[in-house]
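Step one of this worksheet: look at the structure below.
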Amino acid sequence: MSDEPLVLGIETSCDETGVGIVRGHTLLADQIASSVEQHARFGGVVPEVASRAHLEAIVPTMQRALDEAKVTLNDIDAIAVTAGPGLAGALLVGVAAAKGYALAADKPIYGVNHLAAHVAVDTLEHGPLPEPAVAMLVSGGHSSLLLVDDLTAGVTPLGATIDDAAGEAFDKVARLLGLGFPGGPVIDRLAREGDRGAISFPRGLTAPKDFAKHRFDFSFSGLKTAVARWVEARERSGEPVPVADVAASFQDAVCDVLTAKALDACREHGVETLIIGGGVAANSRLRLLAEERAAKFGIRVRVPRPQLCTDNGAMVAALGSHLVAAGVAPSRLDLPADSAMALTSIAVAG
Amino acid sequence: MTAALAEVGGGGLRGLGERRVVDPRAHGELLAPQIQRVLADAGKAPRDLGAIVAGLGPGPFTGLRVGLATAAAMGQALGIPAYGICTLDALGRAAGPGRVLVATDARRREVYFATYQDGVRVTGPEVAKPADVPVDAERAVGEGAVKYSDIFKIPIDDRVLYPSGEALIALALGEIEAGAEGGVLTPLYLRRPDAVAATERKHVLQ
Ligand SMILES: [Zn+2]
C-alpha cells in the first residue's frame with residue numbers, strides 16, 4: 001500500500017553499518033557494511049575500529065539503500081536510528097548522520113532501542129506481532145528474555161545474562177579451540193560432525209537454588225571456563241582434543257539453557273509466541289531445539305531469516321514504522337546516544 | 001564545537017552567523033540543533049546551502065566523527081559538496097604573518113602540531129610529546145602552545161585558541177567558488193586505534 005509510511009532505519013551500535021528502508025511492513029532495502037574482518041585479529045570487536053568503519057561506510061551504505069529501494073531522501077516520511085544500547089562511539093556516528101539527514105531533508109527523527117528493533121524486524125517476515133509475545137535476543141552483545149506487550153510503548157525485561165552474552169561465549173570458545181572470529185558459524189558447522197553428548201558441560205543458573213532470583217537469567221562465563229579447563233586438561237595429558245565433540249557439547253549446553261528458559265518464560269506468562277532474534281538465532285541447533293520443545297507446549301516459534309537476525313538497518317526501520325503507525329511523537333534533534341538505553345524506553349521521548 | 005554560516009562570492013565571504021560551545025561531551029547532542037539555529041538566525045533553511053565545510057581535525061576522535069558524519073549526511077541529503085579542511089589550518093591562518101607553530105592539546109601529555117609560514121602550512125600535522133616537537137617558528141598559538149609554553153620556549157600568542165568556523169570556510173573558498181567535487185570526510189586521526197591483537201589464550205589450570 002503506497003499510503004503507508006516510508007521509513008528509513010540506520011544502525012551502528014556494534015560492527016555493522018546498516019541502512020534499511022521499509023514501507024509499512026514491507027522491506028524495500030537492507031544494505032550492510034561490516035567491519036567484522038577488521039576485528040578478527042583482535043578476537044573481538046574493537047570499539048575505535050568499529051567507529052572509524054561506521055564513518056567511512058555510512059554515506060555509501062545509505063546510497064546503496066536508496067538505490068535499492070528506488071527512492072530519494074526527500075521521499076522518506078521518517079528517519080529512525082539506533083540510539084542504544086550499544087558501543088557509545090559507534091552509536092554516535094549513526095545518530096550524528098541520522099540528525100544530518102533529518103535536518104537537511106526536514107524529516108522527523110526517532111532515536112530507537114536496538115533490542116526492540118530486533119523484535120520488530122520479525123514483522124517484515126512473519127506479519128503483525130501477536131502480543132503478548134516472549135522475545136529471546138541472543139547475540140555477541142546481548143542475551144535477553146523480554147515480555148512484549150506493546151512494542152511501541154514498552155517492553156518488560158524478564159531476564160538477561162549476568163556475565164557473557166551467548167554469542168560472546170561462542171567467540172571465546174572458538175578462540176580457545178583455535179577456530180577464529182566470529183565463533184558462531186564455525187562452531188555450528190563443526191558441531192554437526194561431533195557428538196553433543198560426548199562431554200557434559202555445566203548449564204548456568206539452572207540449579208534449583210537459582211530459580212528464585214535468576215529464573216530467566218543466563219550465565220555463560222562458567223561454561224566457557226569449563227570448556228577451557230577440559231581442553232587444557234586434555235592437552236596436558238598429551239591426548240588430541242576432539243574439537244568437533246567439544247563444539248557440539250558446548251553448543252548443546254548453550255542451546256539447552258536458552259530454549260528451556262525461553263519456553264519457561266512463555267508458559268509462566270501464558271504466551272503462545274516465542275520470537276528469537278540476534279546473531280545466535282542463526283544457530284541451527286538453537287532453532288531445532290526451540291521448535292522441538294515449543295511444539296510440545298503448543299507454542300509457535302518465529303525466527304526471522306539469518307540476514308534479519310544479525311544487526312541491520314531494516315530492523316530499525318521496522319521499529320520506526322511501528323512508532324509512526326502508532327502515532328508516537330518523534331524524538332528531538334538533540335537526542336542523545338545512550339549506550340545503556342533501558343528497554344523501558346522504545347524511542348527517545350520527544 | 002562551532003557552527004558558522006557565510007555567503008561566498010567574488011573571491012570573498014560575508015559572515016552571516018557563528019555559534020560556539022566548548023563542551024566536549026555535547027557534540028553528539030548539540031551540533032545538529034546548533035546548525036539549525038545558525039541557519040534560522042540568518043533566516044535561512046538547509047536547502048539554501050551551496051556547500052558544507054568541515055574540520056577534519058586532528059582532535060578528539062569522537063567529536064570529529066560527529067562533525068564529519070553530520071556534514072557528510074547533510075551534503076548527501078542536499079546533493080551539495082562537502083569539503084574537509086585540516087582544523088589546525090584555521091589557527092595557522094588566524095595567527096597571521098611570520099613563521100608560527102600551531103599546537104593543540106592532544107591529551108595523554110601530547111600535542112597535535114603543524115608549522116605555518118604566513119598562514120600556509122609547511123609541515124605537519126603530526127602528534128608528539130611537547131618535548132619532541134621540532135620547534136622552528138618565531139611564535140606559537142593554540143591551547144597546546146599555552147599549556148606547554150615552558151617547553152616550547154618561544155613567545156606564545158594566546159589570543160588564537162580555537163579555530164573559527166568562518167576561517168574554515170575561508171580556507172575552502174577556492175574549492176567552493178570553483179564548484180569542486182566534495183571529498184570523503186575522513187578525520188586526521190594521526191593515531192592508530194588502541195587495540196592489541198589477540199594473544200595466546202590464558203591458562204585456566206594452575
Ligand atoms: Zn543486536
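Chain labels A, B, ... are given in the sequence in which chains occur in the C-alpha cells; within each chain residues are numbered consecutively from 1, and ligands are likewise numbered from 1 in the order shown.
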With only C-alpha atoms considered, list every residue of chain A at most 9 Å from chain B, as a tab-separated table (two decimals) with N, CA and C atoms, in the first residue's frame.
```tsv
chain	number	residue	atom	x	y	z
A	39	HIS	N	38.13	-6.74	12.81
A	39	HIS	CA	38.22	-7.07	14.24
A	39	HIS	C	38.80	-8.46	14.47
A	40	ALA	N	38.86	-9.26	13.39
A	40	ALA	CA	39.19	-10.67	13.54
A	40	ALA	C	40.51	-10.88	14.29
A	41	ARG	N	41.53	-10.10	13.93
A	41	ARG	CA	42.83	-10.36	14.56
A	41	ARG	C	42.87	-9.92	16.02
A	42	PHE	N	41.86	-9.18	16.45
A	42	PHE	CA	41.80	-8.79	17.86
A	42	PHE	C	40.93	-9.76	18.66
A	43	GLY	N	40.28	-10.68	17.99
A	43	GLY	CA	39.47	-11.69	18.67
A	43	GLY	C	38.18	-11.14	19.25
A	44	GLY	N	37.78	-9.97	18.84
A	44	GLY	CA	36.54	-9.36	19.34
A	44	GLY	C	36.42	-7.98	18.75
A	46	VAL	N	36.62	-4.22	18.35
A	46	VAL	CA	37.36	-3.11	18.95
A	46	VAL	C	36.56	-1.83	18.70
A	47	PRO	N	36.07	-1.17	19.76
A	47	PRO	CA	35.17	-0.04	19.58
A	47	PRO	C	35.72	1.05	18.63
A	48	GLU	N	36.99	1.43	18.80
A	48	GLU	CA	37.53	2.51	17.96
A	48	GLU	C	37.58	2.09	16.49
A	49	VAL	N	37.92	0.84	16.24
A	49	VAL	CA	37.95	0.34	14.86
A	49	VAL	C	36.54	0.37	14.27
A	51	SER	N	34.03	2.33	15.18
A	51	SER	CA	33.59	3.72	14.97
A	51	SER	C	34.18	4.29	13.68
A	52	ARG	N	35.45	4.02	13.45
A	52	ARG	CA	36.09	4.52	12.22
A	52	ARG	C	35.41	3.93	10.99
A	55	LEU	N	31.97	5.54	10.12
A	55	LEU	CA	32.04	6.84	9.46
A	55	LEU	C	32.37	6.68	7.97
A	56	GLU	N	33.25	5.74	7.66
A	56	GLU	CA	33.60	5.51	6.26
A	56	GLU	C	32.44	4.92	5.48
A	58	ILE	N	28.99	4.99	6.18
A	58	ILE	CA	27.59	5.43	6.29
A	58	ILE	C	27.06	6.03	4.98
A	59	VAL	N	27.82	6.90	4.34
A	59	VAL	CA	27.31	7.55	3.12
A	59	VAL	C	27.12	6.55	1.97
A	63	GLN	N	23.56	5.35	0.23
A	63	GLN	CA	23.31	5.47	-1.21
A	63	GLN	C	22.82	4.15	-1.80
A	72	THR	N	14.34	8.56	-2.95
A	72	THR	CA	15.31	9.57	-2.54
A	72	THR	C	15.02	9.93	-1.08
A	73	LEU	N	15.95	10.63	-0.46
A	73	LEU	CA	15.74	11.04	0.93
A	73	LEU	C	14.51	11.94	1.06
A	74	ASN	N	14.18	12.67	0.00
A	74	ASN	CA	13.00	13.53	0.05
A	74	ASN	C	11.71	12.73	0.14
A	89	GLY	N	30.75	5.11	21.09
A	89	GLY	CA	31.33	5.82	19.95
A	89	GLY	C	30.70	5.40	18.63
A	92	LEU	N	27.21	6.97	18.25
A	92	LEU	CA	27.27	8.41	17.95
A	92	LEU	C	27.39	8.69	16.46
A	93	VAL	N	28.10	7.83	15.73
A	93	VAL	CA	28.26	8.06	14.29
A	93	VAL	C	26.90	7.96	13.59
A	94	GLY	N	26.16	6.91	13.93
A	94	GLY	CA	24.85	6.73	13.31
A	94	GLY	C	23.88	7.83	13.70
A	95	VAL	N	23.90	8.19	14.98
A	95	VAL	CA	22.98	9.24	15.45
A	95	VAL	C	23.32	10.58	14.80
A	96	ALA	N	24.62	10.89	14.70
A	96	ALA	CA	25.03	12.16	14.07
A	96	ALA	C	24.62	12.19	12.60
A	97	ALA	N	24.85	11.08	11.91
A	97	ALA	CA	24.47	11.02	10.50
A	97	ALA	C	22.95	11.16	10.35
A	98	ALA	N	22.21	10.44	11.19
A	98	ALA	CA	20.75	10.50	11.11
A	98	ALA	C	20.25	11.92	11.33
A	99	LYS	N	20.89	12.63	12.27
A	99	LYS	CA	20.50	14.02	12.50
A	99	LYS	C	20.81	14.88	11.27
A	100	GLY	N	21.96	14.60	10.65
A	100	GLY	CA	22.32	15.34	9.44
A	100	GLY	C	21.28	15.14	8.34
A	101	TYR	N	20.87	13.88	8.15
A	101	TYR	CA	19.85	13.59	7.14
A	101	TYR	C	18.52	14.23	7.51
A	102	ALA	N	18.14	14.10	8.78
A	102	ALA	CA	16.84	14.63	9.22
A	102	ALA	C	16.79	16.16	9.11
A	103	LEU	N	17.90	16.79	9.49
A	103	LEU	CA	17.96	18.26	9.43
A	103	LEU	C	17.93	18.74	7.98
A	104	ALA	N	18.78	18.12	7.14
A	104	ALA	CA	18.89	18.59	5.76
A	104	ALA	C	17.61	18.32	4.98
A	105	ALA	N	17.01	17.14	5.19
A	105	ALA	CA	15.82	16.79	4.40
A	105	ALA	C	14.52	17.18	5.12
A	106	ASP	N	14.65	17.78	6.30
A	106	ASP	CA	13.49	18.24	7.09
A	106	ASP	C	12.51	17.10	7.37
A	175	ARG	N	37.79	-19.26	20.01
A	175	ARG	CA	39.16	-18.77	20.11
A	175	ARG	C	40.03	-19.80	20.83
A	176	LEU	N	39.52	-20.38	21.91
A	176	LEU	CA	40.37	-21.33	22.63
A	176	LEU	C	40.51	-22.64	21.87
A	225	THR	N	34.64	-21.27	30.98
A	225	THR	CA	35.77	-21.71	31.79
A	225	THR	C	35.84	-23.24	31.84
A	228	ALA	N	37.36	-24.44	28.71
A	228	ALA	CA	38.80	-24.16	28.72
A	228	ALA	C	39.55	-25.18	29.59
A	229	ARG	N	39.00	-25.47	30.76
A	229	ARG	CA	39.63	-26.44	31.66
A	229	ARG	C	39.70	-27.82	31.01
A	232	GLU	N	42.26	-27.87	28.21
A	232	GLU	CA	43.63	-27.79	28.71
A	232	GLU	C	44.06	-29.10	29.39
A	233	ALA	N	43.13	-29.72	30.10
A	233	ALA	CA	43.45	-31.00	30.75
A	233	ALA	C	43.80	-32.04	29.70
A	333	LEU	N	15.89	16.88	17.87
A	333	LEU	CA	17.18	16.88	17.17
A	333	LEU	C	18.36	16.84	18.14
A	334	ASP	N	18.11	17.09	19.43
A	334	ASP	CA	19.22	16.99	20.39
A	334	ASP	C	19.23	15.64	21.11
A	335	LEU	N	18.59	14.63	20.50
A	335	LEU	CA	18.52	13.32	21.18
A	335	LEU	C	19.92	12.76	21.39
A	336	PRO	N	20.15	12.22	22.60
A	336	PRO	CA	21.47	11.66	22.87
A	336	PRO	C	21.57	10.19	22.45
A	337	ALA	N	22.77	9.75	22.16
A	337	ALA	CA	23.02	8.31	22.06
A	337	ALA	C	23.18	7.82	23.49
```
Shell of 10 Å around ligand 1 (only C-alpha atoms and all ligand atoms), written as a list in words: Glu11, Thr12, Ser13, Cys14, Asp15, Glu16, Pro85, Gly86, His114, Leu115, Ala116, Ala117, His118, Leu137, Val138, Ser139, Gly140, Gly141, His142, Ser143, Gly277, Gly278, Gly279, Val280, Cys309, Thr310, Asp311, Asn312 and Met315 of chain A
Would you please give, as a list in words, all residues of region 90-123 of chain A that DSSP assigns to strand (DSSP E) based on the backbone? Ile109, Tyr110, Gly111, Val112 and Asn113 of chain A
Please list as a count of residues only every residue within 8 Å of Ala145 (chain B), counting only C-alpha atoms and excluding residues in the same chain fewer than 6 positions away. 5
The residue from A:Gln31, A:Cys266, A:Lys172, A:Ile76 with the smallest atom-to-atom distance to Ser321 (chain A), counting only C-alpha atoms, is A:Ile76
Region 85-101 of chain B environment, 8 Å, only C-alpha atoms, sequence neighbours closer than 4 positions dropped, as number ranges by chain: B: 53-58, 113-121, 125, 135-142, 160-164, 167-168, 171-172, 188
Using only C-alpha atoms, which protein or nucleic acid residues come within 6 Å of region 185-201 of chain A? Drop anything in the same chain fewer than 4 positions from it, and give the result as a list in words.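 Neighbouring residues, sequence-local ones excluded: Ala244, Asp245, Ala247, Ala248 and Ser249 of chain A.
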Separation of CA of Ser331 (chain A) and CA of Ile79 (chain A), in Å?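 Distance reported for this atom pair: 10.2 Å.
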What lies within 8 Å of Gly350 (chain A) using only C-alpha atoms, ignoring chain neighbours under 4 positions off, as a PyMOL selection string? chain A and resi 329-332
A:Ala80, A:Leu177, A:Ala212, A:Leu286 ranked by distance to Val348 (chain A), top pick (using only C-alpha atoms):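 Nearest to Val348 (chain A): A:Ala80.
Our summary of the geometry notes that CA of Asp77 (chain A) is positioned 23.5 Å from CA of His126 (chain A).
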How many Å separate CA of Gly204 (chain A) from CA of Glu268 (chain A)?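 Answer for the CA of Gly204 (chain A) to CA of Glu268 (chain A) separation: 20.0 Å.
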Quick one: of A:Cys255, A:Ala262, A:Ala69, A:Ala83, who's nearest to Ala169 (chain A), counting only C-alpha atoms?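 Closest to Ala169 (chain A), using only C-alpha atoms: A:Cys255.
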